[in-house]
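Asker: For reference, this is model_27.cif, and it has mmCIF, C-alpha atoms.
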```cif
data_target
loop_
_atom_site.label_atom_id
_atom_site.label_comp_id
_atom_site.auth_asym_id
_atom_site.auth_seq_id
_atom_site.Cartn_x
_atom_site.Cartn_y
_atom_site.Cartn_z
CA MET A 1 1.57 -14.81 26.88
CA LEU A 2 -1.84 -13.78 28.09
CA THR A 3 -2.48 -10.11 28.33
CA THR A 4 -5.23 -8.06 29.87
CA ALA A 5 -8.43 -8.01 27.86
CA LEU A 6 -9.61 -4.60 26.71
CA LEU A 7 -13.16 -3.36 26.25
CA VAL A 8 -14.02 -2.46 22.68
CA THR A 9 -17.16 -1.01 21.16
CA VAL A 10 -17.62 -1.72 17.49
CA MET A 11 -20.56 -0.99 15.24
CA VAL A 12 -21.09 -4.32 13.47
CA ASN A 13 -23.66 -4.43 10.69
CA GLY A 14 -25.36 -1.39 12.14
CA GLU A 15 -25.53 -2.71 15.68
CA SER A 16 -23.30 -1.53 18.52
CA VAL A 17 -21.37 -4.43 20.06
CA GLN A 18 -19.31 -4.32 23.26
CA ARG A 19 -16.88 -7.07 24.19
CA PHE A 20 -13.69 -7.63 26.15
CA VAL A 21 -10.99 -8.80 23.77
CA GLU A 22 -7.40 -9.87 24.04
CA PRO A 23 -5.11 -7.42 22.20
CA ARG A 24 -3.85 -10.11 19.87
CA LEU A 25 -7.33 -11.10 18.67
CA SER A 26 -7.72 -10.27 14.99
CA LEU A 27 -10.85 -8.55 13.77
CA ALA A 28 -11.55 -11.69 11.70
CA ASP A 29 -11.44 -13.96 14.75
CA PHE A 30 -13.50 -11.46 16.70
CA LEU A 31 -16.23 -11.54 14.05
CA ARG A 32 -16.14 -15.29 13.60
CA ARG A 33 -15.47 -16.56 17.09
CA ASP A 34 -16.93 -13.93 19.41
CA LEU A 35 -19.86 -12.81 17.25
CA GLY A 36 -20.51 -15.99 15.26
CA LEU A 37 -20.37 -14.13 11.95
CA THR A 38 -18.69 -16.91 10.01
CA GLY A 39 -19.42 -15.48 6.56
CA THR A 40 -16.05 -13.77 6.86
CA HIS A 41 -13.53 -16.47 5.91
CA LEU A 42 -9.94 -16.88 7.00
CA GLY A 43 -7.48 -18.18 4.45
CA CYS A 44 -3.87 -17.04 4.60
CA GLU A 45 -3.88 -14.67 7.60
CA MET A 46 -1.29 -12.54 5.85
CA GLY A 47 -3.28 -10.31 3.51
CA ALA A 48 -2.71 -12.31 0.34
CA CYS A 49 -5.94 -14.24 -0.34
CA GLY A 50 -8.70 -11.70 0.32
CA ALA A 51 -11.16 -14.22 1.82
CA CYS A 52 -11.43 -12.15 5.02
CA LEU A 53 -12.38 -8.80 3.48
CA VAL A 54 -14.87 -6.74 5.41
CA SER A 55 -16.02 -3.19 4.96
CA LEU A 56 -14.52 -0.80 7.52
CA ASN A 57 -16.18 2.63 7.57
CA GLY A 58 -17.10 1.88 3.96
CA SER A 59 -13.71 0.68 2.67
CA ALA A 60 -12.70 -2.92 1.99
CA VAL A 61 -10.00 -4.10 4.40
CA HIS A 62 -8.49 -7.42 5.44
CA SER A 63 -9.96 -8.41 8.80
CA CYS A 64 -6.93 -10.68 9.33
CA LEU A 65 -4.64 -7.63 9.15
CA MET A 66 -6.45 -5.67 11.78
CA LEU A 67 -6.78 -6.23 15.50
CA ALA A 68 -10.21 -6.15 17.10
CA VAL A 69 -8.93 -3.42 19.44
CA GLN A 70 -8.08 -1.27 16.43
CA ALA A 71 -11.72 -1.38 15.34
CA ASP A 72 -12.82 0.24 18.61
CA GLY A 73 -15.24 3.06 17.78
CA LEU A 74 -15.36 2.15 14.09
CA SER A 75 -18.03 0.67 11.91
CA VAL A 76 -17.66 -2.78 10.33
CA ASP A 77 -19.95 -4.36 7.77
CA THR A 78 -19.55 -8.06 7.08
CA ILE A 79 -20.99 -10.09 4.25
CA GLU A 80 -23.96 -10.95 6.50
CA GLY A 81 -24.83 -7.29 6.98
CA LEU A 82 -24.30 -6.37 3.34
CA ALA A 83 -26.39 -9.30 2.16
CA GLU A 84 -29.24 -8.45 4.54
CA SER A 85 -29.21 -4.79 3.62
CA GLY A 86 -29.91 -5.66 -0.03
CA PHE A 87 -27.15 -3.32 -1.25
CA ILE A 88 -25.35 -6.13 -3.06
CA SER A 89 -28.32 -8.26 -4.07
CA ASP A 90 -27.67 -7.55 -7.75
CA LEU A 91 -24.07 -8.73 -7.34
CA GLN A 92 -25.21 -11.86 -5.49
CA THR A 93 -27.73 -12.64 -8.22
CA ALA A 94 -25.17 -12.08 -10.97
CA PHE A 95 -22.63 -14.34 -9.22
CA HIS A 96 -25.33 -17.01 -8.94
CA GLU A 97 -26.55 -16.72 -12.51
CA ARG A 98 -23.09 -16.67 -14.04
CA ASN A 99 -21.89 -19.48 -11.75
CA ALA A 100 -19.15 -17.19 -10.43
CA MET A 101 -18.54 -19.46 -7.45
CA GLN A 102 -17.91 -23.12 -6.94
CA CYS A 103 -16.74 -23.97 -3.44
CA GLY A 104 -17.73 -20.49 -2.26
CA PHE A 105 -14.80 -19.95 0.07
CA CYS A 106 -13.65 -16.78 -1.70
CA THR A 107 -17.13 -15.47 -2.48
CA SER A 108 -17.73 -13.19 0.50
CA GLY A 109 -14.37 -11.49 -0.07
CA MET A 110 -15.02 -11.29 -3.80
CA LEU A 111 -18.37 -9.61 -3.22
CA ILE A 112 -16.86 -7.03 -0.90
CA ALA A 113 -14.06 -6.28 -3.38
CA ALA A 114 -16.63 -6.11 -6.19
CA ARG A 115 -18.82 -3.75 -4.20
CA GLU A 116 -15.89 -1.38 -3.70
CA CYS A 117 -14.89 -1.65 -7.36
CA LEU A 118 -18.37 -0.48 -8.40
CA ALA A 119 -18.87 2.02 -5.58
CA HIS A 120 -17.76 5.01 -7.65
CA GLY A 121 -20.19 4.38 -10.47
CA GLY A 122 -19.41 4.01 -14.15
CA VAL A 123 -18.52 0.82 -15.98
CA PRO A 124 -14.96 -0.28 -15.27
CA SER A 125 -13.06 -2.11 -18.01
CA ARG A 126 -12.44 -5.83 -17.58
CA GLU A 127 -8.82 -4.92 -16.91
CA GLU A 128 -9.89 -2.57 -14.11
CA ILE A 129 -12.16 -5.24 -12.63
CA ARG A 130 -9.28 -7.72 -12.65
CA ASP A 131 -7.10 -5.08 -11.01
CA ALA A 132 -9.70 -4.58 -8.27
CA LEU A 133 -9.75 -8.34 -7.67
CA SER A 134 -5.95 -8.71 -7.73
CA GLY A 135 -5.90 -9.32 -3.97
CA ASN A 136 -8.59 -12.02 -4.04
CA TYR A 137 -7.75 -15.62 -4.76
CA CYS A 138 -10.24 -18.04 -6.27
CA ARG A 139 -8.93 -21.54 -6.80
CA CYS A 140 -12.05 -22.84 -8.58
CA THR A 141 -13.43 -20.58 -11.27
CA GLY A 142 -10.42 -19.18 -13.09
CA TYR A 143 -11.90 -15.70 -12.45
CA GLN A 144 -13.52 -15.36 -15.88
CA SER A 145 -17.06 -15.85 -14.60
CA ILE A 146 -16.44 -13.54 -11.64
CA VAL A 147 -15.30 -10.75 -13.95
CA ASP A 148 -18.33 -11.46 -16.17
CA ALA A 149 -20.71 -11.19 -13.20
CA ILE A 150 -19.24 -7.90 -11.99
CA GLU A 151 -19.23 -6.45 -15.49
CA THR A 152 -22.89 -7.43 -15.94
CA VAL A 153 -23.84 -5.61 -12.74
CA ALA A 154 -21.79 -2.54 -13.68
CA ILE A 155 -23.59 -2.29 -17.02
CA ALA A 156 -27.00 -2.90 -15.47
CA ARG A 157 -26.45 -0.26 -12.80
CA ALA A 158 -25.22 2.26 -15.40
CA GLU A 159 -28.31 1.64 -17.55
CA LYS A 160 -30.57 2.10 -14.55
CA GLU A 161 -28.74 5.35 -13.81
CA VAL A 162 -29.29 6.65 -17.36
CA GLY A 163 -32.95 5.64 -17.24
CA GLY A 164 -33.36 7.57 -14.01
CA PRO A 165 -35.53 6.61 -11.08
CA VAL A 166 -38.60 4.55 -11.94
CA MET B 1 -1.02 -18.51 12.08
CA LYS B 2 -2.07 -16.43 15.05
CA CYS B 3 0.27 -13.85 16.48
CA ARG B 4 1.82 -14.12 19.91
CA GLY B 5 0.25 -12.17 22.75
CA PHE B 6 1.28 -8.61 23.49
CA ARG B 7 0.17 -5.58 25.40
CA TYR B 8 -1.55 -2.80 23.50
CA CYS B 9 -1.91 0.90 24.07
CA ARG B 10 -3.44 3.60 21.94
CA VAL B 11 -1.87 7.04 22.05
CA LEU B 12 -3.17 10.37 20.79
CA THR B 13 0.00 12.44 20.61
CA VAL B 14 3.50 11.91 19.25
CA GLU B 15 4.95 12.75 22.67
CA GLU B 16 2.82 10.07 24.32
CA ALA B 17 3.93 7.56 21.68
CA VAL B 18 7.62 8.26 22.21
CA GLU B 19 7.13 8.18 25.98
CA SER B 20 5.39 4.78 25.79
CA PHE B 21 8.20 3.45 23.64
CA VAL B 22 11.08 4.51 25.87
CA SER B 23 9.35 3.41 29.07
CA CYS B 24 8.60 -0.08 27.71
CA GLU B 25 10.83 -2.65 29.32
CA GLY B 26 10.58 -5.20 26.52
CA GLU B 27 10.34 -4.76 22.79
CA ALA B 28 7.86 -2.12 21.61
CA ARG B 29 6.62 -1.52 18.07
CA PHE B 30 4.58 1.34 16.63
CA LEU B 31 1.38 0.27 14.89
CA ALA B 32 0.03 2.54 12.16
CA GLY B 33 -1.80 0.91 9.23
CA GLY B 34 -0.44 -2.49 10.21
CA GLN B 35 -0.41 -3.86 6.68
CA SER B 36 3.20 -5.04 6.98
CA LEU B 37 3.40 -5.37 10.76
CA LEU B 38 0.31 -7.59 11.15
CA PRO B 39 1.51 -10.16 8.59
CA ALA B 40 4.90 -10.18 10.34
CA LEU B 41 3.16 -10.77 13.69
CA ASN B 42 0.87 -13.47 12.27
CA LEU B 43 3.86 -15.24 10.72
CA ARG B 44 5.65 -14.80 14.04
CA LEU B 45 8.54 -13.09 12.33
CA SER B 46 8.03 -10.44 14.97
CA ALA B 47 6.78 -10.88 18.54
CA PRO B 48 6.94 -7.59 20.43
CA ASP B 49 5.85 -7.13 24.04
CA LEU B 50 3.97 -3.91 23.38
CA LEU B 51 2.15 -2.47 20.39
CA ILE B 52 1.75 1.30 20.49
CA ASP B 53 -1.17 2.21 18.25
CA ILE B 54 -0.35 5.60 16.70
CA SER B 55 -3.08 5.43 14.06
CA ARG B 56 -5.23 8.07 15.77
CA VAL B 57 -2.50 10.56 16.60
CA GLU B 58 -3.62 14.08 15.73
CA GLY B 59 -1.93 16.01 12.95
CA LEU B 60 -0.19 13.09 11.28
CA ARG B 61 -2.72 12.64 8.54
CA GLY B 62 -3.48 14.56 5.39
CA ILE B 63 -1.87 16.17 2.37
CA THR B 64 -1.28 19.92 2.35
CA LEU B 65 0.71 22.55 0.51
CA GLU B 66 3.09 24.31 2.93
CA GLY B 67 5.06 27.10 1.29
CA SER B 68 7.04 25.54 -1.52
CA ASP B 69 6.61 22.00 -0.19
CA LEU B 70 3.93 19.37 -0.45
CA ARG B 71 3.52 17.89 3.02
CA ILE B 72 2.24 14.34 3.33
CA GLY B 73 1.43 13.35 6.90
CA ALA B 74 2.79 9.96 7.92
CA LEU B 75 -0.63 8.43 8.59
CA THR B 76 -1.96 9.31 5.14
CA ARG B 77 -3.29 6.14 3.53
CA HIS B 78 -1.97 4.88 0.20
CA VAL B 79 -5.45 5.27 -1.27
CA GLU B 80 -5.43 8.96 -0.32
CA VAL B 81 -2.09 9.44 -2.08
CA LEU B 82 -3.54 7.69 -5.12
CA HIS B 83 -6.54 10.01 -5.40
CA SER B 84 -5.22 13.32 -4.01
CA PRO B 85 -5.54 16.28 -6.41
CA LEU B 86 -2.55 17.94 -4.68
CA VAL B 87 -0.38 14.86 -5.26
CA ALA B 88 -1.56 14.69 -8.87
CA GLU B 89 -0.48 18.29 -9.38
CA TYR B 90 2.70 18.58 -7.33
CA ALA B 91 4.07 15.04 -7.02
CA PRO B 92 2.47 13.02 -9.83
CA LEU B 93 5.21 10.41 -9.52
CA LEU B 94 3.60 9.26 -6.26
CA ALA B 95 0.14 8.97 -7.80
CA ARG B 96 1.56 6.82 -10.59
CA ALA B 97 3.49 4.63 -8.18
CA ALA B 98 0.53 4.20 -5.80
CA ARG B 99 -1.27 2.06 -8.38
CA PHE B 100 1.50 -0.49 -8.03
CA VAL B 101 1.38 -0.63 -4.23
CA ALA B 102 -0.13 -3.99 -3.22
CA HIS B 103 -3.90 -4.49 -3.65
CA PRO B 104 -6.85 -2.11 -3.11
CA ALA B 105 -7.71 -3.42 0.37
CA ILE B 106 -4.10 -3.03 1.52
CA ARG B 107 -4.00 0.50 0.09
CA ASN B 108 -7.11 1.35 2.14
CA LEU B 109 -5.26 0.83 5.43
CA GLY B 110 -1.52 0.99 4.69
CA THR B 111 0.12 4.33 5.46
CA PHE B 112 2.61 6.39 3.49
CA GLY B 113 4.81 6.95 6.55
CA GLY B 114 4.63 3.29 7.49
CA SER B 115 6.00 2.29 4.12
CA LEU B 116 8.94 4.68 4.54
CA ALA B 117 9.57 3.70 8.16
CA LEU B 118 9.68 0.01 7.25
CA ALA B 119 11.85 0.71 4.17
CA ASP B 120 11.19 -2.59 2.46
CA PRO B 121 13.62 -2.53 -0.48
CA ALA B 122 10.88 -3.77 -2.84
CA SER B 123 8.48 -0.95 -1.90
CA GLU B 124 7.52 1.73 -4.37
CA PHE B 125 7.24 4.82 -2.15
CA PRO B 126 10.79 4.77 -0.76
CA ALA B 127 12.17 4.84 -4.32
CA CYS B 128 9.80 7.70 -5.20
CA VAL B 129 10.72 9.73 -2.15
CA LEU B 130 14.39 9.42 -3.07
CA ALA B 131 13.67 10.35 -6.69
CA LEU B 132 11.65 13.34 -5.46
CA ASN B 133 14.50 14.61 -3.30
CA ALA B 134 12.13 14.77 -0.33
CA GLN B 135 12.80 15.60 3.30
CA ILE B 136 11.70 13.18 6.01
CA GLU B 137 10.47 14.67 9.29
CA ILE B 138 11.26 12.63 12.38
CA ALA B 139 10.07 13.17 15.96
CA GLY B 140 11.79 11.82 19.04
CA LEU B 141 12.53 12.59 22.66
CA SER B 142 14.59 15.62 21.71
CA GLY B 143 12.05 17.16 19.34
CA ARG B 144 11.74 17.09 15.57
CA ARG B 145 14.38 16.96 12.88
CA ARG B 146 14.45 16.65 9.12
CA VAL B 147 16.58 14.26 7.12
CA ALA B 148 17.10 14.38 3.36
CA ALA B 149 15.90 11.25 1.58
CA ASP B 150 19.47 10.79 0.31
CA ASP B 151 20.62 10.32 3.92
CA TYR B 152 17.53 8.50 5.22
CA PHE B 153 17.71 5.06 3.61
CA LEU B 154 20.74 3.29 5.07
CA GLY B 155 20.35 -0.39 4.29
CA LEU B 156 18.04 -3.38 4.44
CA TYR B 157 15.03 -2.21 6.51
CA GLU B 158 17.49 0.28 7.99
CA THR B 159 16.80 4.00 8.09
CA ALA B 160 17.92 7.13 9.92
CA LEU B 161 15.12 6.48 12.45
CA GLU B 162 16.52 5.76 15.89
CA PRO B 163 14.65 3.44 18.28
CA GLY B 164 11.65 5.30 19.70
CA GLU B 165 11.59 7.88 16.93
CA ILE B 166 8.54 8.34 14.73
CA LEU B 167 8.40 9.40 11.12
CA THR B 168 5.84 12.21 11.20
CA ALA B 169 5.71 13.69 7.69
CA VAL B 170 7.38 13.93 4.31
CA TYR B 171 8.09 17.24 2.58
CA ILE B 172 8.35 17.15 -1.17
CA PRO B 173 9.67 20.13 -3.17
CA ALA B 174 6.61 21.28 -5.10
CA GLY B 175 8.26 23.72 -7.48
CA ARG B 176 7.09 21.77 -10.52
CA THR B 177 10.55 21.97 -12.04
CA TRP B 178 10.30 18.41 -13.32
CA GLN B 179 8.46 18.17 -16.59
CA ARG B 180 8.01 14.46 -16.96
CA VAL B 181 7.67 11.66 -14.48
CA CYS B 182 7.33 7.95 -14.89
CA PHE B 183 6.93 4.94 -12.62
CA ASP B 184 6.91 1.41 -13.93
CA GLU B 185 7.36 -2.00 -12.42
CA LEU B 186 7.80 -5.64 -13.32
CA SER B 187 6.09 -8.22 -11.14
CA ARG B 188 4.79 -11.73 -11.62
CA ARG B 189 1.19 -10.74 -10.93
CA ARG B 190 -0.53 -7.41 -10.37
CA GLY B 191 0.04 -6.27 -6.82
CA ASP B 192 2.80 -8.76 -6.06
CA TYR B 193 6.14 -7.62 -4.74
CA ALA B 194 8.14 -5.97 -7.51
CA LEU B 195 10.87 -7.91 -9.28
CA ALA B 196 12.09 -4.52 -10.47
CA GLY B 197 10.63 -1.03 -10.15
CA LEU B 198 11.82 2.34 -11.41
CA ALA B 199 10.87 5.88 -10.37
CA ALA B 200 12.01 8.60 -12.75
CA GLN B 201 11.78 12.39 -13.04
CA ALA B 202 13.15 14.26 -16.02
CA THR B 203 13.41 17.73 -17.51
CA PHE B 204 13.93 18.40 -21.23
CA ARG B 205 14.92 21.54 -23.21
CA ASP B 206 14.98 22.53 -26.89
CA GLY B 207 11.32 21.95 -27.43
CA GLY B 208 11.30 19.01 -25.10
CA GLU B 209 13.94 17.06 -26.99
CA VAL B 210 17.16 17.18 -24.99
CA LEU B 211 17.24 15.70 -21.50
CA THR B 212 18.79 18.17 -19.06
CA ALA B 213 18.00 16.77 -15.61
CA LEU B 214 17.16 13.29 -14.44
CA ARG B 215 16.77 11.22 -11.29
CA LEU B 216 16.41 7.46 -11.62
CA VAL B 217 15.75 5.33 -8.54
CA PHE B 218 15.19 1.58 -8.65
CA CYS B 219 13.37 -0.54 -6.10
CA ALA B 220 13.69 -4.29 -5.51
CA LEU B 221 17.24 -4.35 -6.86
CA GLY B 222 19.34 -3.81 -3.77
CA SER B 223 19.12 -3.60 -0.01
CA LYS B 224 17.52 -0.14 -0.28
CA PRO B 225 16.20 2.19 -2.99
CA MET B 226 19.04 2.49 -5.50
CA ARG B 227 19.84 5.71 -7.36
CA ALA B 228 21.27 4.91 -10.80
CA GLN B 229 23.71 7.73 -11.43
CA ALA B 230 25.78 6.06 -14.16
CA ALA B 231 22.61 5.42 -16.16
CA GLU B 232 21.49 9.00 -15.50
CA ALA B 233 24.83 10.31 -16.82
CA ALA B 234 24.50 8.22 -19.98
CA LEU B 235 21.12 9.79 -20.74
CA LEU B 236 21.84 13.40 -19.77
CA ASN B 237 22.25 15.88 -22.64
CA THR B 238 21.00 13.35 -25.16
CA LYS B 239 17.75 13.09 -27.07
CA VAL B 240 17.18 9.76 -25.34
CA ASP B 241 17.50 7.97 -28.65
CA ALA B 242 18.12 4.26 -29.07
CA VAL B 243 21.92 4.70 -28.80
CA ALA B 244 21.66 6.67 -25.54
CA ILE B 245 19.20 4.20 -24.04
CA GLU B 246 21.48 1.31 -24.89
CA ALA B 247 24.44 3.13 -23.33
CA ALA B 248 22.39 3.74 -20.16
CA GLN B 249 21.32 0.10 -20.02
CA HIS B 250 24.95 -0.89 -20.35
CA ALA B 251 26.02 1.59 -17.64
CA LEU B 252 23.46 0.16 -15.25
CA SER B 253 25.92 -2.54 -14.13
CA GLN B 254 27.88 0.25 -12.41
CA ASP B 255 24.80 1.27 -10.41
CA LEU B 256 23.29 -2.10 -9.54
CA SER B 257 24.73 -5.44 -8.54
CA PRO B 258 21.72 -7.36 -7.23
CA ASP B 259 22.39 -10.49 -5.22
CA GLU B 260 21.14 -13.79 -6.44
CA ALA B 261 17.55 -14.17 -5.20
CA GLU B 262 15.64 -17.32 -4.36
CA ASP B 263 14.52 -17.89 -7.92
CA LEU B 264 16.39 -15.32 -9.98
CA SER B 265 20.09 -15.09 -10.77
CA SER B 266 21.95 -11.86 -10.31
CA ALA B 267 22.25 -11.56 -14.11
CA ALA B 268 18.50 -12.08 -14.58
CA ARG B 269 17.69 -9.33 -12.08
CA LEU B 270 20.07 -6.92 -13.81
CA HIS B 271 18.50 -7.87 -17.12
CA LEU B 272 15.03 -7.02 -15.75
CA ALA B 273 16.35 -3.66 -14.54
CA ARG B 274 17.70 -2.95 -18.05
CA VAL B 275 14.40 -3.90 -19.68
CA LEU B 276 12.56 -1.58 -17.30
CA LEU B 277 15.05 1.25 -17.87
CA GLY B 278 14.48 0.91 -21.61
CA ARG B 279 10.70 1.18 -21.19
CA VAL B 280 10.88 4.11 -18.79
CA ALA B 281 13.44 6.06 -20.85
CA HIS B 282 11.27 5.57 -23.91
CA ALA B 283 8.17 6.72 -22.03
CA LEU B 284 10.01 9.83 -20.75
CA ARG B 285 11.13 10.73 -24.27
CA GLU B 286 7.64 10.34 -25.67
CA GLY B 287 6.07 12.07 -22.69
CA ALA B 288 3.79 9.04 -22.44
CA CYS B 289 3.80 8.06 -18.80
#
```
Translate the structure of the given file into structure tokens.
Answerer:
Amino acid sequence: MLTTALLVTVMVNGESVQRFVEPRLSLADFLRRDLGLTGTHLGCEMGACGACLVSLNGSAVHSCLMLAVQADGLSVDTIEGLAESGFISDLQTAFHERNAMQCGFCTSGMLIAARECLAHGGVPSREEIRDALSGNYCRCTGYQSIVDAIETVAIARAEKEVGGPV
Amino acid sequence: MKCRGFRYCRVLTVEEAVESFVSCEGEARFLAGGQSLLPALNLRLSAPDLLIDISRVEGLRGITLEGSDLRIGALTRHVEVLHSPLVAEYAPLLARAARFVAHPAIRNLGTFGGSLALADPASEFPACVLALNAQIEIAGLSGRRRVAADDYFLGLYETALEPGEILTAVYIPAGRTWQRVCFDELSRRRGDYALAGLAAQATFRDGGEVLTALRLVFCALGSKPMRAQAAEAALLNTKVDAVAIEAAQHALSQDLSPDEAEDLSSAARLHLARVLLGRVAHALREGAC
């Protein structure tokens, strides 16, 4: 069933984007297909694997469990935007150094979950980090190195905080 | 999979939402957080003709103290319930249960009212709302009404909501008469659907030793949240010692008779419920929830 396309305006990675979209188009497909932002990955399309996480008005959400029309007037940051902004460069470096990715399919979702986990400051326990990643599947690493990488960043950020601005 | 096509409208008032629903010629569904509806659409378990987006309706969001009740607006997100100071003070059971609700990203969008409107028998909040003796506010064509949680959950995904009605808020008695609360759950992995969950509120006297009031509600062990009154009776007026806990675990077969599930026998599910009851009763006694 084809239905009338609707005009939506979404702030994507800091840039206002206007497009006509079919109501059934998911935010994930909108980002990937209409905007070419393929860093957001689609795995299960049912909110189980976490590969499609994006940041919506600052909170991690599944872009497969949201319609593009629902994002009208809201602000979405994808892995492309977050990477370019430099806000997660320490996480990216730590993932690289600790080999916290192999095939890389889960990595963009992992980074967005990790960013949210560390957003409130402090050093979460390994248990809390695992809890924060409970909705993200990785079929390669066994998670250990991912938890290591996030923990390393948490500690480094906390030390920087204590040291104060340079 | 991708969902089937549908029409979409966004409404800004409850009246508009109800009007859109009743004037729809095909099947209409309300869309709030969408964290259960969207998977159902993507799996094509549901294929409505019209989605009515109520997520921006005014006045349905937020947690406030109203007289002697804590009011939780239907569109309040799970994450807001988890971190609310008012919930922590007046309905701590919900804050404890919220940690068990799915994963962080789902909690960022999923709504409290949506969970109660769907009434998935494995969900945590329906069991809590029943344990809390809450009132559910429902709006429809003929105005608003309130239904006690005891009369709200009717069966598998079946509630007192009539077609076209919207759950607008939940009112929880905030008298702080319950001294101890506990929520615990057994699941295969963190955030998975519960194999067994238990919401409990208790009051003790004699220096906190003798249990004088108790509500126990299980989730994932029946077609709806299940109050366990035989187990409650076995624990009442005891010091919740090993003998009383064993009696309550034994009595649980009068409260629950779970069907055989895909991969768990009826006996195994009852066993899990008994294990959980033991843990929760112990935690209530020790005040260590």
Asker: Which neighbours of region 52-54 of chain B fall inside 7 Å, counting all atoms listed in the file, when residues of the same chain fewer than 5 positions from it are skipped, and could you give them as a PyMOL selection string?
Answerer: chain B and resi 8-12+17+29-32
Asker: Write out, as CSV, each residue of chain B that has an atom at most 10 Å from chain A, together with the closest pair of atoms and their distance in Å to one decimal, counting all atoms listed in the file, rows going by chain and rising number.
Answerer:
```
residue,atom,partner,partner_atom,distance
B:Met1,CA,A:Glu45,CA,6.6
B:Lys2,CA,A:Glu45,CA,7.9
B:Cys3,CA,A:Arg24,CA,6.5
B:Arg4,CA,A:Arg24,CA,6.9
B:Gly5,CA,A:Met1,CA,5.1
B:Phe6,CA,A:Thr3,CA,6.3
B:Arg7,CA,A:Thr3,CA,6.0
B:Tyr8,CA,A:Pro23,CA,6.0
B:Cys9,CA,A:Pro23,CA,9.1
B:Arg10,CA,A:Gln70,CA,8.7
B:Leu31,CA,A:Gln70,CA,9.7
B:Ala32,CA,A:Gln70,CA,9.9
B:Gly33,CA,A:Met66,CA,8.5
B:Gly34,CA,A:Leu65,CA,6.7
B:Gln35,CA,A:Leu65,CA,6.2
B:Ser36,CA,A:Leu65,CA,8.5
B:Leu37,CA,A:Leu65,CA,8.5
B:Leu38,CA,A:Leu65,CA,5.3
B:Pro39,CA,A:Met46,CA,4.6
B:Ala40,CA,A:Met46,CA,8.0
B:Leu41,CA,A:Met46,CA,9.2
B:Asn42,CA,A:Glu45,CA,6.8
B:Leu43,CA,A:Met46,CA,7.6
B:Asp49,CA,A:Met1,CA,9.2
B:Leu50,CA,A:Pro23,CA,9.8
B:Leu51,CA,A:Pro23,CA,9.0
B:Asp53,CA,A:Gln70,CA,7.9
B:Ser55,CA,A:Gln70,CA,8.7
B:Arg56,CA,A:Gln70,CA,9.8
B:Arg99,CA,A:Asp131,CA,9.6
B:Ala102,CA,A:Gly135,CA,7.9
B:His103,CA,A:Gly135,CA,5.2
B:Pro104,CA,A:Ala132,CA,6.4
B:Ala105,CA,A:Val61,CA,4.7
B:Ile106,CA,A:Val61,CA,6.7
B:Arg107,CA,A:Val61,CA,8.7
B:Asn108,CA,A:Val61,CA,6.6
B:Leu109,CA,A:Val61,CA,6.9
B:Gly110,CA,A:Val61,CA,9.9
B:Arg189,CA,A:Ser134,CA,8.1
B:Arg190,CA,A:Ser134,CA,6.2
B:Gly191,CA,A:Ser134,CA,6.5
B:Asp192,CA,A:Ser134,CA,8.9
```
Asker: So that I can check the surroundings of Leu221 (chain B), please list as JSON, numbers by chain every protein, DNA and RNA residue that reaches within 12 Å of it, counting all atoms listed in the file and ignoring chain neighbours fewer than 5 positions away.
Answerer: {"B": [120, 121, 122, 123, 124, 127, 156, 185, 186, 193, 194, 195, 196, 197, 198, 226, 227, 228, 252, 253, 255, 256, 257, 258, 259, 260, 261, 264, 265, 266, 267, 268, 269, 270, 271, 272, 273, 274, 276]}
Asker: Under the rule that only C-alpha atoms are counted, which of B:Ile172, B:Ile72, B:Val210, B:Val129 is the nearest residue to Asp151 (chain B)?
Answerer: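 Selected residue with least distance to Asp151 (chain B): B:Val129.
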Asker: Excluding Ala131 (chain B) and any residue of its chain fewer than 5 positions from it, enumerate the residues within 8 Å of it, using all atoms listed in the file, and give them as a PDB file with C-alpha atoms, keeping the file's coordinate frame.
Answerer:
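out-v1.pdb was written with the following content:
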```pdb
ATOM      1  CA  ALA B 199      10.870   5.880 -10.370  1.00  0.00           C
ATOM      2  CA  ALA B 200      12.010   8.600 -12.750  1.00  0.00           C
ATOM      3  CA  GLN B 201      11.780  12.390 -13.040  1.00  0.00           C
ATOM      4  CA  ARG B 215      16.770  11.220 -11.290  1.00  0.00           C
ATOM      5  CA  LEU B 216      16.410   7.460 -11.620  1.00  0.00           C
ATOM      6  CA  VAL B 217      15.750   5.330  -8.540  1.00  0.00           C
ATOM      7  CA  ARG B 227      19.840   5.710  -7.360  1.00  0.00           C
TER       8      ARG B 227
END
```
Asker: Between CA of Ala117 (chain B) and CA of Ser84 (chain B), what distance in Å does the model show, to one decimal?
Answerer: 21.4 Å
Asker: Residues within 7 Å of Ala95 (chain B), please, as a PyMOL selection string. Count all atoms listed in the file; anything in the same chain fewer than 4 positions from it doesn't count.
Answerer: chain B and resi 81-82+87-88
Asker: At a cut-off of 6 Å, using only C-alpha atoms, what residues contact Leu70 (chain B)? Leave out same-chain residues fewer than 2 positions from it and give the result as a PyMOL selection string.
Answerer: chain B and resi 64-65+171-172+174
Asker: Selection in question (the file shown): the PyMOL selection byres ((chain B and resi 59) around 9). Which residues does it include, as a PyMOL selection string?
Answerer: chain B and resi 13+57-58+60-62+73+75+168
Asker: Using the chain letters and numbers from this file, what does the PyMOL selection byres ((chain A and resi 96) around 12) select? Give the answer as a PyMOL selection string.
Answerer: chain A and resi 89-95+97-102+104+107+111+145-146+148-150
Asker: As a check of understanding, name the residues that the PyMOL selection byres ((chain A and resi 31) around 10) selects in the supplied structure, as a count of residues only.
Answerer: 21
